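Chemist: If you scroll down you'll find the structure; I have some questions about it.
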Protein chains: 2
Amino acid sequence: MSTATIRDVARRAAVSVASASRALNNHASVTPATRQRVIEAARALDYVPHLGARSLSRGRSNTIGVVLPDLFGEFFSEIIRGIDYAAHRRGLQLLLSNMHGSADETELAIRAMRGRVDGLLVMSPQVDAEFLGRNLPKGLPAIVMNAAASDGTHPTIAIDNIAGAREAVAHLVSQGCIRIAHVTGPRGNADADSRRAGFRSAIAELLGPEAGIEIEGDFSEASGIDAARRILAQNPRVDGVFAANDMMAVACMATLAEGSMRAPDDVAIIGFDGVPIAQYVTPALSTMALNLADLGERALEKLVAITQSEEPVEATTEMLKPELVIRASSHRRHA
Amino acid sequence: MSTATIRDVARRAAVSVASASRALNNHASVTPATRQRVIEAARALDYVPHLGARSLSRGRSNTIGVVLPDLFGEFFSEIIRGIDYAAHRRGLQLLLSNMHGSADETELAIRAMRGRVDGLLVMSPQVDAEFLGRNLPKGLPAIVMNAAASDGTHPTIAIDNIAGAREAVAHLVSQGCIRIAHVTGPRGNADADSRRAGFRSAIAELLGPEAGIEIEGDFSEASGIDAARRILAQNPRVDGVFAANDMMAVACMATLAEGSMRAPDDVAIIGFDGVPIAQYVTPALSTMALNLADLGERALEKLVAITQSEEPVEATTEMLKPELVIRASSHRRHA
DNA sequence: CTGTTAGCGCTTTCAT
DNA sequence: ATGAAAGCGCTAACAG
């Protein structure tokens, strides 16, 4: 065991634990001499402070809790990467807790953070604001990401899915598409639902309600393949596809090509998220790009800010606007 | 604050904190009646147990520490996904600590885990076994992943890079390649170094030492592009490329194609790792595939096993053998 | 079955 | 400058 405690160190240095603590933490009032002795004793005993105990005593843990859904795909991985980057820079550790989908698990995950973290980053697109408002511990700073809406209590940082979806559709239309399919994300997922809403409104506005076809997907590769099969079988006249995420777009595009509907000429395709994979496929995938790592960084920074500030927290909502990135999959020369 | 403590609950239920604790933790000896009262009091006060305090008292945290390098790329993300999955299944939380490369930071990251975790998963390909042996807390169960070698003290779970690299080269040779370039990973990285070693030995054995060309890379996309440029400029007669990871392979392949060296006919290309992206590029990338998520799962399970067992831990080494996955990028009809 | 008491390892008044 | 002692919130003997 690295089981040397501060008492052992104190004893060996022949001082009180109080002095040992002060010396170890660079407190002002300690004689250079005693400090020296304590440091040496610590080294000799291979002392490593027990951070759990310190947290309890100090009431701060230097840890941020992150509640998140399954890690499949690059979406959350990228966000985590940003969070991790910012956390590392500030010397914070990350406590991860996974809610595999359900609201019950989200609640558990949140409760499991109590007493171990100084703040919470909650990504729970399956769960609504009201639920979060009810379950987030009252005194714990928290930022809500990707939720359906602000709960009116916690700062929120969200993606402007509606605007993004509308822009995607507009782009497809600009390329000459007149019969557009939307491969959706799972119902009940906030991002998916709002992308769908944006799709509908843009279609109605730009082409009339008849022009839009919705094909149910769930963000997975498999559902992208599935969507392509359905298009091939039932909607051969589709000339544009807007998928709710890049993974489905990629899979759909590949499967469509097998059925000899090729992008961009037979069908123009655009995804959403802008994950790295999108640029490597052939043809390269157009997408509504999000700087996910940056989103993560910003969320962490904002959390740190409210953790430190004394003022009451305002429940602001920060919107991240997706950026249209046109690549080969939707770019038509003659458009 | 969700600042109701167990004392508040006890007071409200008119019992001692001991009874409150017992009731809340489903201990045997509590009257249904008092248990009921305690539960109600807890609910009324919106009590959430302080897990930090519980850990200190119990000497167990139900948390596993994960020390890892930067999250760039899919390699570590996939491993984390596996770890997370297994952890969630066992009701464990994950405490992440990032060492951005350096040994100093690795040491810090490890120390920062003290008193907060029940076991450690260490992925630190930049650091050697001896270093880990010196720095891993003595009493804390730990599993070392991707290290240069076992430190003789901790169980290790590693990738058989040498065998994998050799098989990759053999495959390229079987496709008729006689002048093969290896885009390496960064020096000092255990995986990279052993992949390079495997490359060398296979080349010497199969084609003679002249046939192998090494191009320095660092696992990044940029270095893959760079490698391609150097091949185009300096080694146009290369007919096979073995990249030390998939990211470089993908980038290299794309850049080579721009210079009209196309896979698989002009040049056969194979990567390493088998990350998801490899299957979506065109042509699909051949690779030495690793089930990274499974690796993570197994590591966690093994850690849990040694955490629970009483017997002294054996410093076993588990080897994960990469599997040759032949896709279009290296598959030649006439070979 | 329940309450009292003593910690877990550390920090931090409060005296000295 | 240093030490004694109180506690952070919880669990776990040990008595009753």
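By convention in this document, the chains of the structure tokens carry letters A, B, ... by their order, each chain's residues are numbered from 1, and ligands are numbered from 1 in the order they are shown.
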At a cut-off of 12 Å, list the chain A residues touching chain C, using only C-alpha atoms (C1' of nucleotides), as a ChimeraX atom specification.
Modeler: /A:3-8,17-22,24-25,27,48-60
Chemist: Select residues of chain A: the criterion is any atom within 7 Å of an atom of chain B, counting only C-alpha atoms; output as a VMD selection string.
Modeler: chain A and resid 1 to 2 48 to 53 56 71 77 81 88 93 to 98 111 114 to 116 137 to 140 277 280 to 282
Chemist: Give the helix (DSSP H, G or I) residues of segment 92-196 of chain B, as DSSP finds them on the backbone, and put them as a PyMOL selection string.
Modeler: chain B and resi 103-111+129-135+161-174+190-196
Chemist: Residues of chain D within 9 Å of chain A, using only C-alpha atoms (C1' of nucleotides), as a PDB file with C-alpha atoms (C1' of nucleotides), in the first residue's frame?
Modeler:
```
ATOM      1  C1'  DA D   1       5.370  29.230  13.821  1.00  0.00           C
ATOM      2  C1'  DT D   2       3.195  25.281  15.751  1.00  0.00           C
ATOM      3  C1'  DG D   3      -0.055  22.039  18.104  1.00  0.00           C
ATOM      4  C1'  DG D   7     -15.088  18.457  11.670  1.00  0.00           C
ATOM      5  C1'  DC D   8     -16.262  17.203   6.362  1.00  0.00           C
ATOM      6  C1'  DG D   9     -20.552  13.097   5.783  1.00  0.00           C
TER       7       DG D   9
END
```
Chemist: I'd like the neighbourhood of Ile143 of chain A as a list in words, where a residue qualifies if any of its atoms comes within 8 Å (using only C-alpha atoms (C1' of nucleotides)), though same-chain residues fewer than 5 positions away should be ignored.
Modeler: Leu120, Leu121, Val122, His154, Pro155, Thr156, Ile157, Ala299, Lys302 and Leu303 of chain A
Chemist: Write a file of the just-selected residues containing N, CA and C atoms, as an mmCIF file, in the first residue's frame.
Modeler:
```
data_model
loop_
_atom_site.group_PDB
_atom_site.id
_atom_site.type_symbol
_atom_site.label_atom_id
_atom_site.label_comp_id
_atom_site.auth_asym_id
_atom_site.auth_seq_id
_atom_site.Cartn_x
_atom_site.Cartn_y
_atom_site.Cartn_z
ATOM 1 N N LEU A 120 -21.218 19.946 -12.891
ATOM 2 C CA LEU A 120 -21.751 18.893 -13.734
ATOM 3 C C LEU A 120 -21.967 19.372 -15.165
ATOM 4 N N LEU A 121 -21.592 18.504 -16.087
ATOM 5 C CA LEU A 121 -21.890 18.740 -17.488
ATOM 6 C C LEU A 121 -22.842 17.626 -17.899
ATOM 7 N N VAL A 122 -24.039 18.011 -18.257
ATOM 8 C CA VAL A 122 -25.027 16.977 -18.554
ATOM 9 C C VAL A 122 -25.408 16.981 -20.027
ATOM 10 N N HIS A 154 -30.691 26.306 -15.374
ATOM 11 C CA HIS A 154 -29.269 26.084 -15.640
ATOM 12 C C HIS A 154 -28.870 26.643 -16.992
ATOM 13 N N PRO A 155 -27.659 27.131 -17.070
ATOM 14 C CA PRO A 155 -27.171 27.598 -18.361
ATOM 15 C C PRO A 155 -27.190 26.425 -19.334
ATOM 16 N N THR A 156 -27.495 26.730 -20.557
ATOM 17 C CA THR A 156 -27.616 25.682 -21.554
ATOM 18 C C THR A 156 -26.743 26.022 -22.732
ATOM 19 N N ILE A 157 -26.193 25.000 -23.326
ATOM 20 C CA ILE A 157 -25.427 25.244 -24.504
ATOM 21 C C ILE A 157 -25.916 24.234 -25.522
ATOM 22 N N ALA A 299 -18.150 24.485 -22.994
ATOM 23 C CA ALA A 299 -19.023 24.057 -21.903
ATOM 24 C C ALA A 299 -18.225 23.982 -20.608
ATOM 25 N N LYS A 302 -17.314 27.448 -19.313
ATOM 26 C CA LYS A 302 -18.475 28.124 -18.757
ATOM 27 C C LYS A 302 -18.798 27.572 -17.368
ATOM 28 N N LEU A 303 -18.679 26.289 -17.251
ATOM 29 C CA LEU A 303 -18.942 25.659 -15.963
ATOM 30 C C LEU A 303 -17.963 26.157 -14.910
#
```
